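Undergrad: This is the content of run-v7.txt (compact mmCIF, C-alpha atoms and all ligand atoms):
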```txt
# COMPACT_ATOMS: atom_id res chain seq x y z
CA MET A 1461 56.64 137.58 141.27
CA THR A 1462 59.43 139.37 139.43
CA LYS A 1463 61.39 136.49 137.95
CA ILE A 1464 60.34 133.25 136.35
CA THR A 1465 62.50 130.40 135.13
CA LEU A 1466 61.23 128.13 132.38
CA ARG A 1467 62.66 125.22 130.55
CA ARG A 1468 63.71 126.57 127.18
CA PRO A 1469 60.55 126.85 125.03
CA ASP A 1470 59.82 125.20 121.70
CA ASP A 1471 57.65 126.53 118.89
CA TRP A 1472 55.40 123.81 117.49
CA HIS A 1473 54.30 125.82 114.41
CA LEU A 1474 56.69 128.22 112.71
CA HIS A 1475 57.21 129.75 109.26
CA LEU A 1476 60.84 130.59 108.59
CA ARG A 1477 60.46 131.02 104.78
CA ASP A 1478 63.54 130.84 102.57
CA GLY A 1479 66.31 132.98 101.05
CA ALA A 1480 66.68 136.54 102.36
CA MET A 1481 63.64 136.17 104.62
CA LEU A 1482 65.02 132.99 106.21
CA ALA A 1483 68.34 134.72 106.83
CA ALA A 1484 66.58 137.39 108.91
CA MET A 1485 64.05 135.08 110.59
CA ALA A 1486 66.26 132.19 111.75
CA PRO A 1487 67.98 134.32 114.43
CA GLU A 1488 64.63 135.74 115.63
CA SER A 1489 63.38 132.26 116.58
CA ALA A 1490 66.73 130.76 117.60
CA ARG A 1491 67.18 133.49 120.23
CA HIS A 1492 64.43 132.13 122.50
CA PHE A 1493 63.40 128.73 121.17
CA ALA A 1494 65.30 125.44 121.24
CA ARG A 1495 63.27 123.62 118.56
CA ALA A 1496 60.50 124.42 116.13
CA ILE A 1497 58.20 122.53 113.82
CA ILE A 1498 58.99 124.16 110.50
CA MET A 1499 56.08 124.69 108.14
CA PRO A 1500 56.62 123.43 104.59
CA ASN A 1501 54.55 126.00 102.65
CA LEU A 1502 57.40 127.40 100.60
CA VAL A 1503 56.93 128.21 96.93
CA PRO A 1504 57.16 125.48 95.67
CA PRO A 1505 56.24 123.48 98.81
CA VAL A 1506 58.48 120.97 100.60
CA VAL A 1507 56.94 117.69 99.45
CA THR A 1508 59.68 115.05 99.47
CA GLY A 1509 62.15 113.81 102.06
CA ALA A 1510 65.02 115.09 99.90
CA GLU A 1511 63.49 118.57 99.75
CA ALA A 1512 62.97 118.57 103.52
CA ALA A 1513 66.62 117.61 104.10
CA ALA A 1514 67.79 120.39 101.76
CA TYR A 1515 65.52 122.95 103.47
CA ARG A 1516 66.76 121.80 106.91
CA ASP A 1517 70.33 122.41 105.75
CA ARG A 1518 69.45 125.92 104.51
CA ILE A 1519 67.90 126.67 107.91
CA ARG A 1520 70.99 125.40 109.74
CA ALA A 1521 73.17 127.58 107.51
CA ALA A 1522 71.07 130.64 108.40
CA LEU A 1523 71.50 130.17 112.18
CA PRO A 1524 73.81 132.42 114.15
CA GLU A 1525 77.26 131.01 114.97
CA GLY A 1526 77.03 128.57 117.89
CA SER A 1527 73.23 128.30 117.88
CA ASP A 1528 71.87 124.91 118.90
CA PHE A 1529 68.38 125.57 117.49
CA THR A 1530 66.90 122.39 116.00
CA PRO A 1531 64.50 122.66 113.07
CA LEU A 1532 61.98 119.80 113.13
CA MET A 1533 60.95 119.39 109.52
CA THR A 1534 57.55 118.64 108.01
CA LEU A 1535 56.36 117.41 104.64
CA TYR A 1536 53.58 119.18 102.78
CA LEU A 1537 50.98 116.54 101.91
CA THR A 1538 49.66 116.53 98.37
CA GLU A 1539 47.39 114.09 96.61
CA ALA A 1540 50.57 112.69 95.03
CA THR A 1541 52.56 112.14 98.26
CA ASP A 1542 54.31 108.77 98.18
CA PRO A 1543 53.74 106.91 101.49
CA ASP A 1544 57.10 105.13 101.13
CA ASP A 1545 59.07 108.36 100.67
CA LEU A 1546 57.27 109.87 103.66
CA ALA A 1547 57.85 106.82 105.88
CA ARG A 1548 61.52 106.67 104.86
CA ALA A 1549 62.07 110.37 105.65
CA HIS A 1550 60.43 109.83 109.03
CA ALA A 1551 62.46 106.70 109.81
CA GLU A 1552 65.69 108.49 108.87
CA GLY A 1553 64.83 111.34 111.24
CA ILE A 1554 64.64 113.91 108.43
CA VAL A 1555 61.01 114.78 109.07
CA THR A 1556 58.99 114.84 112.29
CA ALA A 1557 55.47 115.35 110.96
CA ALA A 1558 53.41 115.97 107.84
CA LYS A 1559 51.19 118.96 107.19
CA LEU A 1560 47.72 118.83 105.72
CA TYR A 1561 46.50 122.00 104.00
CA PRO A 1562 43.09 121.95 102.37
CA ALA A 1563 43.84 123.37 98.90
CA GLY A 1564 43.33 127.12 98.90
CA ALA A 1565 42.80 127.48 102.67
CA THR A 1566 45.74 129.76 103.41
CA THR A 1567 49.03 131.29 102.24
CA ASN A 1568 50.80 129.07 99.67
CA SER A 1569 48.32 126.19 99.92
CA ALA A 1570 47.46 125.81 96.23
CA SER A 1571 49.12 122.36 96.12
CA GLY A 1572 47.16 121.16 99.14
CA VAL A 1573 44.54 118.44 99.29
CA ARG A 1574 41.16 118.71 97.49
CA ASP A 1575 39.93 115.15 97.90
CA PHE A 1576 40.78 113.80 101.36
CA ASP A 1577 40.16 110.21 100.21
CA LYS A 1578 43.24 110.54 97.99
CA VAL A 1579 45.53 110.86 101.03
CA ARG A 1580 43.94 107.99 102.92
CA PRO A 1581 46.85 105.57 102.23
CA VAL A 1582 49.33 108.17 103.48
CA LEU A 1583 47.31 108.79 106.64
CA GLU A 1584 47.05 105.06 107.30
CA ARG A 1585 50.81 104.72 106.97
CA MET A 1586 51.30 107.66 109.34
CA ALA A 1587 49.05 106.01 111.92
CA GLU A 1588 51.08 102.80 111.59
CA ILE A 1589 54.45 104.49 112.11
CA GLY A 1590 53.23 107.00 114.72
CA MET A 1591 54.02 110.07 112.62
CA PRO A 1592 51.93 113.10 113.64
CA LEU A 1593 49.69 114.91 111.18
CA CYS A 1594 49.56 118.69 111.57
CA VAL A 1595 46.33 120.11 110.19
CA HIS A 1596 45.29 123.56 108.97
CA GLY A 1597 41.67 123.07 109.96
CA GLU A 1598 39.47 125.22 107.75
CA VAL A 1599 37.09 124.25 104.98
CA VAL A 1600 37.36 126.32 101.83
CA ASP A 1601 33.80 126.04 100.45
CA ALA A 1602 32.71 129.41 99.14
CA GLU A 1603 29.31 129.13 100.85
CA ILE A 1604 30.81 128.68 104.33
CA ASP A 1605 31.33 131.95 106.18
CA ILE A 1606 35.01 132.54 106.95
CA PHE A 1607 34.24 132.79 110.69
CA ASP A 1608 32.64 129.30 110.63
CA ARG A 1609 35.28 127.52 108.58
CA GLU A 1610 37.14 125.97 111.51
CA ALA A 1611 34.05 124.60 113.26
CA VAL A 1612 32.71 123.16 109.99
CA PHE A 1613 36.09 121.57 109.23
CA ILE A 1614 36.04 119.73 112.55
CA ASP A 1615 32.62 118.21 111.82
CA ARG A 1616 32.96 117.51 108.13
CA VAL A 1617 36.63 116.65 107.68
CA LEU A 1618 38.66 116.19 110.85
CA ASP A 1619 36.33 114.02 112.86
CA PRO A 1620 35.62 111.66 109.90
CA ILE A 1621 39.38 111.36 109.18
CA ARG A 1622 40.13 110.51 112.81
CA ARG A 1623 37.33 107.96 113.00
CA ALA A 1624 38.50 106.33 109.77
CA THR A 1625 42.13 106.24 110.85
CA PRO A 1626 42.43 104.91 114.39
CA GLY A 1627 45.76 105.66 116.00
CA LEU A 1628 46.50 108.66 113.78
CA ARG A 1629 48.13 111.33 115.90
CA VAL A 1630 46.78 114.75 114.97
CA VAL A 1631 47.73 118.30 115.90
CA MET A 1632 45.00 120.83 115.27
CA GLU A 1633 47.14 123.79 114.29
CA HIS A 1634 46.41 127.35 115.44
CA ILE A 1635 42.93 126.74 116.86
CA THR A 1636 40.78 129.87 117.06
CA THR A 1637 37.38 128.77 118.37
CA ARG A 1638 35.59 127.35 121.37
CA GLN A 1639 34.68 124.40 119.13
CA GLY A 1640 38.38 123.80 118.45
CA VAL A 1641 39.16 123.90 122.18
CA ASP A 1642 36.30 121.52 123.01
CA TYR A 1643 37.21 119.06 120.26
CA ALA A 1644 40.90 119.02 121.23
CA ARG A 1645 39.95 118.35 124.85
CA SER A 1646 37.71 115.45 123.90
CA GLY A 1647 40.26 113.66 121.75
CA GLY A 1648 42.44 111.65 124.11
CA ALA A 1649 46.17 111.09 123.83
CA ASP A 1650 46.25 111.09 120.02
CA LEU A 1651 44.99 114.67 119.70
CA GLY A 1652 46.77 117.92 120.47
CA ALA A 1653 46.24 121.56 119.51
CA THR A 1654 48.58 124.46 119.06
CA ILE A 1655 47.53 127.96 120.07
CA THR A 1656 49.26 131.06 118.75
CA THR A 1657 50.36 134.06 120.75
CA HIS A 1658 48.29 136.50 118.71
CA HIS A 1659 45.03 134.54 119.04
CA LEU A 1660 45.34 134.90 122.83
CA VAL A 1661 45.35 138.68 122.35
CA LEU A 1662 43.14 139.48 119.34
CA ASN A 1663 39.47 139.19 118.61
CA ARG A 1664 37.91 140.24 115.32
CA ASN A 1665 37.26 143.78 116.52
CA HIS A 1666 40.99 144.36 116.71
CA ILE A 1667 41.20 143.75 112.96
CA LEU A 1668 38.25 145.88 111.88
CA VAL A 1669 37.26 148.58 114.40
CA GLY A 1670 38.57 152.09 113.77
CA GLY A 1671 40.26 151.14 110.50
CA ILE A 1672 41.50 147.91 108.95
CA ARG A 1673 44.66 146.54 110.59
CA PRO A 1674 46.47 144.38 108.07
CA HIS A 1675 49.08 143.24 110.59
CA TYR A 1676 46.32 141.58 112.64
CA TYR A 1677 45.01 139.63 109.66
CA CYS A 1678 45.96 135.97 109.69
CA LEU A 1679 44.31 132.64 108.98
CA PRO A 1680 42.36 131.25 110.63
CA VAL A 1681 41.08 134.77 111.18
CA ALA A 1682 40.59 135.92 114.80
CA LYS A 1683 37.03 135.30 115.97
CA ARG A 1684 34.59 136.80 118.50
CA GLU A 1685 35.69 137.61 122.04
CA GLU A 1686 34.03 134.48 123.49
CA HIS A 1687 36.37 132.38 121.36
CA ARG A 1688 39.46 134.33 122.40
CA LEU A 1689 38.46 133.77 126.03
CA ALA A 1690 38.09 130.02 125.39
CA LEU A 1691 41.61 129.99 123.92
CA ARG A 1692 42.97 131.91 126.91
CA ALA A 1693 41.36 129.45 129.32
CA ALA A 1694 42.77 126.51 127.35
CA ALA A 1695 46.33 127.87 127.05
CA THR A 1696 46.51 128.88 130.71
CA SER A 1697 44.89 125.66 131.98
CA GLY A 1698 48.08 123.60 131.86
CA GLU A 1699 46.16 120.77 130.14
CA GLY A 1700 48.51 118.58 128.15
CA CYS A 1701 46.69 118.79 124.82
CA PHE A 1702 47.34 122.54 124.45
CA PHE A 1703 50.78 123.87 123.52
CA LEU A 1704 52.44 126.86 121.90
CA GLY A 1705 52.71 127.06 118.14
CA THR A 1706 53.33 130.71 117.41
CA ASP A 1707 52.45 130.47 113.70
CA SER A 1708 54.86 133.38 113.40
CA ALA A 1709 54.34 134.03 109.69
CA PRO A 1710 56.43 136.89 108.31
CA HIS A 1711 55.40 138.76 105.18
CA VAL A 1712 57.05 141.97 104.02
CA ASP A 1713 55.04 145.08 104.87
CA ALA A 1714 54.38 145.76 101.18
CA ALA A 1715 52.52 142.44 100.94
CA LYS A 1716 50.50 143.04 104.14
CA GLU A 1717 49.70 146.74 103.59
CA SER A 1718 48.06 146.25 100.24
CA GLY A 1719 44.67 146.26 98.50
CA CYS A 1720 44.78 142.47 98.98
CA GLY A 1721 46.92 142.00 102.06
CA CYS A 1722 48.15 138.51 102.77
CA ALA A 1723 47.52 136.48 105.93
CA GLY A 1724 50.04 136.06 108.73
CA CYS A 1725 51.18 137.73 111.98
CA PHE A 1726 54.88 137.94 112.76
CA THR A 1727 55.40 137.33 116.48
CA ALA A 1728 58.72 135.52 116.90
CA THR A 1729 60.56 138.58 118.21
CA ASN A 1730 58.38 139.34 121.23
CA THR A 1731 56.30 136.18 121.70
CA LEU A 1732 57.70 135.19 125.11
CA SER A 1733 57.18 138.67 126.56
CA VAL A 1734 53.61 138.75 125.24
CA LEU A 1735 52.86 135.30 126.64
CA ALA A 1736 54.26 136.14 130.06
CA GLU A 1737 52.07 139.26 130.14
CA VAL A 1738 48.99 137.25 129.09
CA PHE A 1739 49.59 134.50 131.65
CA GLU A 1740 50.21 137.12 134.34
CA GLN A 1741 46.96 138.92 133.45
CA ASP A 1742 45.17 135.60 133.97
CA GLY A 1743 46.99 134.71 137.20
CA ALA A 1744 48.55 131.68 135.52
CA LEU A 1745 52.30 132.37 135.40
CA ASP A 1746 52.85 129.04 137.14
CA ARG A 1747 51.35 127.30 134.09
CA LEU A 1748 53.33 129.17 131.42
CA GLU A 1749 56.05 126.52 131.32
CA ALA A 1750 53.54 123.74 130.62
CA PHE A 1751 52.29 125.68 127.60
CA THR A 1752 55.65 126.81 126.20
CA SER A 1753 58.01 124.01 127.18
CA LEU A 1754 56.39 120.79 128.48
CA ASN A 1755 53.15 119.86 126.75
CA GLY A 1756 54.51 120.06 123.20
CA PRO A 1757 57.50 117.75 123.72
CA ALA A 1758 55.28 115.31 125.61
CA PHE A 1759 52.85 115.14 122.68
CA TYR A 1760 55.66 114.68 120.15
CA GLY A 1761 57.40 112.09 122.35
CA LEU A 1762 60.52 114.20 122.80
CA PRO A 1763 62.30 115.14 126.01
CA ALA A 1764 61.67 118.60 127.42
CA ASN A 1765 64.70 120.88 127.01
CA GLU A 1766 67.24 120.86 129.82
CA ALA A 1767 68.35 124.47 129.31
CA ARG A 1768 66.41 127.23 131.05
CA VAL A 1769 65.36 130.78 130.21
CA VAL A 1770 64.73 133.45 132.81
CA LEU A 1771 62.13 136.19 132.40
CA GLN A 1772 62.34 139.26 134.59
CA ARG A 1773 59.56 141.75 135.30
CA GLY A 1774 60.38 145.45 135.16
CA GLU A 1775 59.96 148.62 133.12
CA PRO A 1776 58.19 148.10 129.77
CA VAL A 1777 60.34 146.14 127.36
CA SER A 1778 61.30 147.75 124.09
CA TYR A 1779 61.35 145.71 120.92
CA PRO A 1780 61.81 146.74 117.30
CA ALA A 1781 58.66 147.84 115.47
CA ARG A 1782 59.94 146.03 112.42
CA ILE A 1783 62.72 143.69 111.39
CA GLU A 1784 64.72 144.65 108.32
CA THR A 1785 65.20 141.76 105.92
CA GLY A 1786 66.83 141.48 102.53
CA ALA A 1787 63.31 141.14 101.12
CA GLY A 1788 61.98 144.29 102.87
CA PRO A 1789 60.78 145.28 106.35
CA VAL A 1790 58.52 142.97 108.39
CA THR A 1791 56.33 144.50 111.12
CA VAL A 1792 56.58 142.90 114.56
CA PHE A 1793 53.28 142.04 116.28
CA ASP A 1794 52.00 144.88 118.47
CA PRO A 1795 49.86 143.38 121.24
CA GLY A 1796 48.39 146.80 122.06
CA PHE A 1797 49.60 146.81 125.68
CA PRO A 1798 53.00 147.31 127.29
CA LEU A 1799 55.16 144.26 127.92
CA HIS A 1800 56.89 144.03 131.28
CA TRP A 1801 58.63 140.66 131.03
CA ARG A 1802 62.11 140.67 129.53
CA VAL A 1803 63.90 137.49 128.51
CA LEU A 1804 67.32 137.65 130.16
N1 LIG A 1901 48.66 131.82 109.44
C1 LIG A 1901 48.68 132.61 108.39
O1 LIG A 1901 47.86 133.53 108.31
N2 LIG A 1901 49.57 132.45 107.39
C2 LIG A 1901 50.52 131.38 107.24
C3 LIG A 1901 49.90 130.10 106.76
C4 LIG A 1901 49.12 129.36 107.81
O2 LIG A 1901 49.66 128.99 108.85
O3 LIG A 1901 47.92 129.11 107.61
C5 LIG A 1901 51.60 131.85 106.26
O4 LIG A 1901 52.34 131.01 105.73
O5 LIG A 1901 51.71 133.05 106.03
ZN ZN A 1902 47.64 127.39 108.80
ZN ZN A 1903 51.12 128.72 109.93
```
Translate this structure into structure tokens?
TA:
Amino acid sequence: MTKITLRRPDDWHLHLRDGAMLAAMAPESARHFARAIIMPNLVPPVVTGAEAAAYRDRIRAALPEGSDFTPLMTLYLTEATDPDDLARAHAEGIVTAAKLYPAGATTNSASGVRDFDKVRPVLERMAEIGMPLCVHGEVVDAEIDIFDREAVFIDRVLDPIRRATPGLRVVMEHITTRQGVDYARSGGADLGATITTHHLVLNRNHILVGGIRPHYYCLPVAKREEHRLALRAAATSGEGCFFLGTDSAPHVDAAKESGCGCAGCFTATNTLSVLAEVFEQDGALDRLEAFTSLNGPAFYGLPANEARVVLQRGEPVSYPARIETGAGPVTVFDPGFPLHWRVL
């Protein structure tokens, strides 16, 4: 096969940031994606409907002339989130989902939730109105090993929340483990899971063997090879509960290449070429469209995009090593193998 046509993809987990970084990042995602779920972990976070509407307008203003890219906004849940404000923003079409960060779990999550009982009324309201909850699924307890934090979160936090809140629609964001795959599969129509591009490529050796690779460090951190293989099998299976959320998370190189480098891989620029290569390696090109363009809209109750993109196989594709932004350069994800699929 040398050409594939897909419905235009969507990105169900994206960080566009703000200011000079947003100005550089909006075109990177708008080039290939029709819609994206926009993460609210700005500093300070996007916590009210009014803030989400203002952020949406800043994103629209940063899009290239003529772009029809649609940002689907999210609210950052805190222990002080007002269920009425959230429900109003959802009813008015300002926000699509809400995001649950355990406090301290990841980049800019200090205002996240410490006591999950405090957000129970919000979660119950979300179940009532059918508003999806996107979850960063890692516990933050110091005694839990960082490689176990996702599996422990599923048992101790996610499963109890779902049992206590029937009808709550949940997206397990950026799953990284076999346990995440198994739990997502077992959850029925109310449960979905996003998988990133980089977690289909990286295991923990890529971060640590032969020198520390700060551009491969993200949260949840990449796990053992058996987990990467479980993610590959899930993404390429075509099963409806698994869909693309790139978690493209730009940080300037100075913040990544540091004595305390921050978490996040920036993949927006070459994600589709990487995914096509991955699906081809696994003999699953015929299921790429389900992962990038069909399963996500079906979970969110939105129509699949009518527009199409064409990918063509040929000589290795060149892409910039880094994107220059007004805030500094941002390194583009290097999958470690040549990419043969070009988006026409
Ligand atoms: N994935 C990451 O490593 N980082 C994300 C936050 C997140 O999605 O957890 C970021 O905002 O930089
Ligand atoms: Zn996260
Ligand atoms: Zn993220």
Undergrad: What is the atom CA of Val1506 of chain A to atom CA of Val1681 of chain A distance in Å?
TA: 24.6 Å
Undergrad: Using only C-alpha atoms and all ligand atoms, what does the table of chain A residues within 9 Å of ligand ZN 1903 (chain A) look like, with each row giving the shortest atom pair and its distance in Å to one decimal, sorted by chain and ascending number, as a tab-separated table?
TA:
```
residue	atom	partner	partner_atom	distance
A:His1473	CA	A:ZN1903	ZN	6.2
A:Leu1474	CA	A:ZN1903	ZN	6.2
A:His1475	CA	A:ZN1903	ZN	6.2
A:Met1499	CA	A:ZN1903	ZN	6.6
A:Asn1501	CA	A:ZN1903	ZN	8.5
A:Thr1566	CA	A:ZN1903	ZN	8.5
A:Thr1567	CA	A:ZN1903	ZN	8.4
A:His1596	CA	A:ZN1903	ZN	7.8
A:Glu1633	CA	A:ZN1903	ZN	7.7
A:His1634	CA	A:ZN1903	ZN	7.4
A:Cys1678	CA	A:ZN1903	ZN	8.9
A:Leu1679	CA	A:ZN1903	ZN	7.9
A:Gly1705	CA	A:ZN1903	ZN	8.5
A:Thr1706	CA	A:ZN1903	ZN	8.0
A:Asp1707	CA	A:ZN1903	ZN	4.4
A:Ser1708	CA	A:ZN1903	ZN	6.9
A:Ala1709	CA	A:ZN1903	ZN	6.2
A:Gly1724	CA	A:ZN1903	ZN	7.5
```
Undergrad: For Ala1715 of chain A, which residue out of A:Phe1703, A:Phe1793, A:Phe1739, A:Tyr1677 is the nearest one, using all atoms listed in the file?
TA: A:Tyr1677
Undergrad: Considering all atoms listed in the file, state which residue in the set A:Ile1589, A:Ala1512, A:Ala1723, A:Cys1701 is at the smallest distance from ligand ZN 1902 (chain A).
TA: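 Smallest separation from ligand ZN 1902 (chain A) among the options: A:Ala1723.
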Undergrad: Can you tell me, as JSON, numbers by chain, what residues are no more than 10 Å from Phe1797 of chain A when counting all atoms listed in the file, ignoring any on the same chain fewer than 2 positions away?
TA: {"A": [1661, 1734, 1737, 1776, 1794, 1795, 1799, 1800]}
Undergrad: Go ahead and dump the residues you just picked, C-alpha atoms, as a compact mmCIF listing (two decimals), keeping the file's coordinate frame.
TA:
```txt
# COMPACT_ATOMS: atom_id res chain seq x y z
CA VAL A 1661 45.35 138.68 122.35
CA VAL A 1734 53.61 138.75 125.24
CA GLU A 1737 52.07 139.26 130.14
CA PRO A 1776 58.19 148.10 129.77
CA ASP A 1794 52.00 144.88 118.47
CA PRO A 1795 49.86 143.38 121.24
CA LEU A 1799 55.16 144.26 127.92
CA HIS A 1800 56.89 144.03 131.28
```
Undergrad: Please define a box with edges along x, y and z of the file around all atoms of segment 1650-1655 of chain A given in the file, extend it by 5 Å on each side, and return its centre and edge lengths in Å to one decimal, as AutoDock Vina command-line options.
TA:
```
--center_x 46.8 --center_y 119.5 --center_z 119.8 --size_x 13.6 --size_y 26.9 --size_z 11.4
```
Undergrad: Considering all atoms listed in the file, state which residue in the set A:Pro1763, A:Pro1469, A:Gly1509, A:Gly1597 is at the smallest distance from ligand ZN 1902 (chain A).
TA: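 Under the stated criterion, the closest residue is A:Gly1597.
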Undergrad: Can you tell me, as a count of residues only, what residues are no more than 12 Å from Leu1593 of chain A when counting all atoms listed in the file, ignoring any on the same chain fewer than 4 positions away?
TA: 39
Undergrad: Using all atoms listed in the file, pick whichever of A:Glu1749, A:Gly1761, A:Val1503, A:Ala1736 has the shortest atom-to-atom distance to Thr1462 of chain A.
TA: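 Answer, going by the shortest atom-to-atom distance: A:Ala1736.
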Undergrad: Between A:Glu1525, A:Glu1766, A:Asp1642, A:Glu1511, single out the one closest to Ala1490 of chain A, counting all atoms listed in the file.
TA: A:Glu1525
Undergrad: Of the candidates A:Gly1590, A:Pro1680, A:Gly1698, A:Gly1786, which one gets nearest to ligand ZN 1902 (chain A) if we count only C-alpha atoms and all ligand atoms?
TA: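 Looking only at the distances to ligand ZN 1902 (chain A), the closest residue turns out to be A:Pro1680.
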Undergrad: In file coordinates, which residues lie within 12 Å of (69.1, 131.0, 107.5) using all atoms listed in the file, given as an MDAnalysis selection string?
TA: chainID A and resid 1476:1490 1515:1525 1527 1529 1531 1785:1786
Undergrad: Please, what distance in Å, to one decimal, runs between atom CA of Asn1730 of chain A and atom CA of Gly1640 of chain A?
TA: 25.5 Å
Undergrad: Might you pull out every residue within 7 Å of segment 1538-1541 of chain A, with all atoms listed in the file counted and same-chain residues fewer than 3 positions away left off, and present them as an MDAnalysis selection string?
TA: chainID A and resid 1571:1573 1578:1579
Undergrad: Within 10 Å of Leu1735 of chain A, counting all atoms listed in the file, which residues show up once you throw out same-chain ones fewer than 2 positions away? Write them as a ChimeraX atom specification, please.
TA: /A:1656-1658,1660-1661,1695-1696,1704,1730-1733,1737-1741,1745,1748,1751-1752,1799,1801
Undergrad: For the selection just defined, write its residues with C-alpha atoms to a file, as a compact mmCIF listing (two decimals), keeping the file's coordinate frame.
TA:
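This went into out-v8.txt:
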```txt
# COMPACT_ATOMS: atom_id res chain seq x y z
CA THR A 1656 49.26 131.06 118.75
CA THR A 1657 50.36 134.06 120.75
CA HIS A 1658 48.29 136.50 118.71
CA LEU A 1660 45.34 134.90 122.83
CA VAL A 1661 45.35 138.68 122.35
CA ALA A 1695 46.33 127.87 127.05
CA THR A 1696 46.51 128.88 130.71
CA LEU A 1704 52.44 126.86 121.90
CA ASN A 1730 58.38 139.34 121.23
CA THR A 1731 56.30 136.18 121.70
CA LEU A 1732 57.70 135.19 125.11
CA SER A 1733 57.18 138.67 126.56
CA GLU A 1737 52.07 139.26 130.14
CA VAL A 1738 48.99 137.25 129.09
CA PHE A 1739 49.59 134.50 131.65
CA GLU A 1740 50.21 137.12 134.34
CA GLN A 1741 46.96 138.92 133.45
CA LEU A 1745 52.30 132.37 135.40
CA LEU A 1748 53.33 129.17 131.42
CA PHE A 1751 52.29 125.68 127.60
CA THR A 1752 55.65 126.81 126.20
CA LEU A 1799 55.16 144.26 127.92
CA TRP A 1801 58.63 140.66 131.03
```
Undergrad: Using Å and a single decimal, report how far atom CA of Ser1778 of chain A sits from atom CA of Lys1463 of chain A.
TA: 17.9 Å
Undergrad: Skipping near chain neighbours, those fewer than 5 positions away, what residues fall within 8 Å of Val1612 of chain A using all atoms listed in the file, listed as a compact mmCIF listing (two decimals) with C-alpha atoms, keeping the file's coordinate frame?
TA:
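Output saved as part33.txt:
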```txt
# COMPACT_ATOMS: atom_id res chain seq x y z
CA GLU A 1598 39.47 125.22 107.75
CA VAL A 1599 37.09 124.25 104.98
CA VAL A 1617 36.63 116.65 107.68
```
Undergrad: Would you mind completing segment 1713-1726 of chain A so that it carries N, CA and C atoms, and writing it out as a tab-separated table (two decimals), in the coordinates of the input?
TA:
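Saved result, out15.tsv, follows:
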```
chain	number	residue	atom	x	y	z
A	1713	ASP	N	56.11	144.11	104.66
A	1713	ASP	CA	55.04	145.08	104.87
A	1713	ASP	C	54.30	145.39	103.57
A	1714	ALA	N	55.03	145.43	102.45
A	1714	ALA	CA	54.38	145.76	101.18
A	1714	ALA	C	53.31	144.74	100.82
A	1715	ALA	N	53.50	143.49	101.25
A	1715	ALA	CA	52.52	142.44	100.94
A	1715	ALA	C	51.34	142.46	101.92
A	1716	LYS	N	51.57	142.96	103.14
A	1716	LYS	CA	50.50	143.04	104.14
A	1716	LYS	C	49.67	144.32	103.93
A	1717	GLU	N	50.37	145.43	103.66
A	1717	GLU	CA	49.70	146.74	103.59
A	1717	GLU	C	49.34	147.00	102.14
A	1718	SER	N	48.35	146.25	101.66
A	1718	SER	CA	48.06	146.25	100.24
A	1718	SER	C	46.56	146.14	100.05
A	1719	GLY	N	46.09	146.40	98.83
A	1719	GLY	CA	44.67	146.26	98.50
A	1719	GLY	C	44.19	144.83	98.70
A	1720	CYS	N	45.12	143.87	98.66
A	1720	CYS	CA	44.78	142.47	98.98
A	1720	CYS	C	45.89	141.93	99.87
A	1721	GLY	N	45.85	142.34	101.13
A	1721	GLY	CA	46.92	142.00	102.06
A	1721	GLY	C	46.93	140.53	102.41
A	1722	CYS	N	48.11	139.95	102.53
A	1722	CYS	CA	48.15	138.51	102.77
A	1722	CYS	C	48.08	138.20	104.28
A	1723	ALA	N	47.82	136.92	104.57
A	1723	ALA	CA	47.52	136.48	105.93
A	1723	ALA	C	48.79	136.07	106.66
A	1724	GLY	N	48.93	136.50	107.91
A	1724	GLY	CA	50.04	136.06	108.73
A	1724	GLY	C	50.46	137.16	109.70
A	1725	CYS	N	50.67	136.80	110.97
A	1725	CYS	CA	51.18	137.73	111.98
A	1725	CYS	C	52.59	137.30	112.33
A	1726	PHE	N	53.49	138.25	112.43
A	1726	PHE	CA	54.88	137.94	112.76
A	1726	PHE	C	55.14	138.23	114.24
```
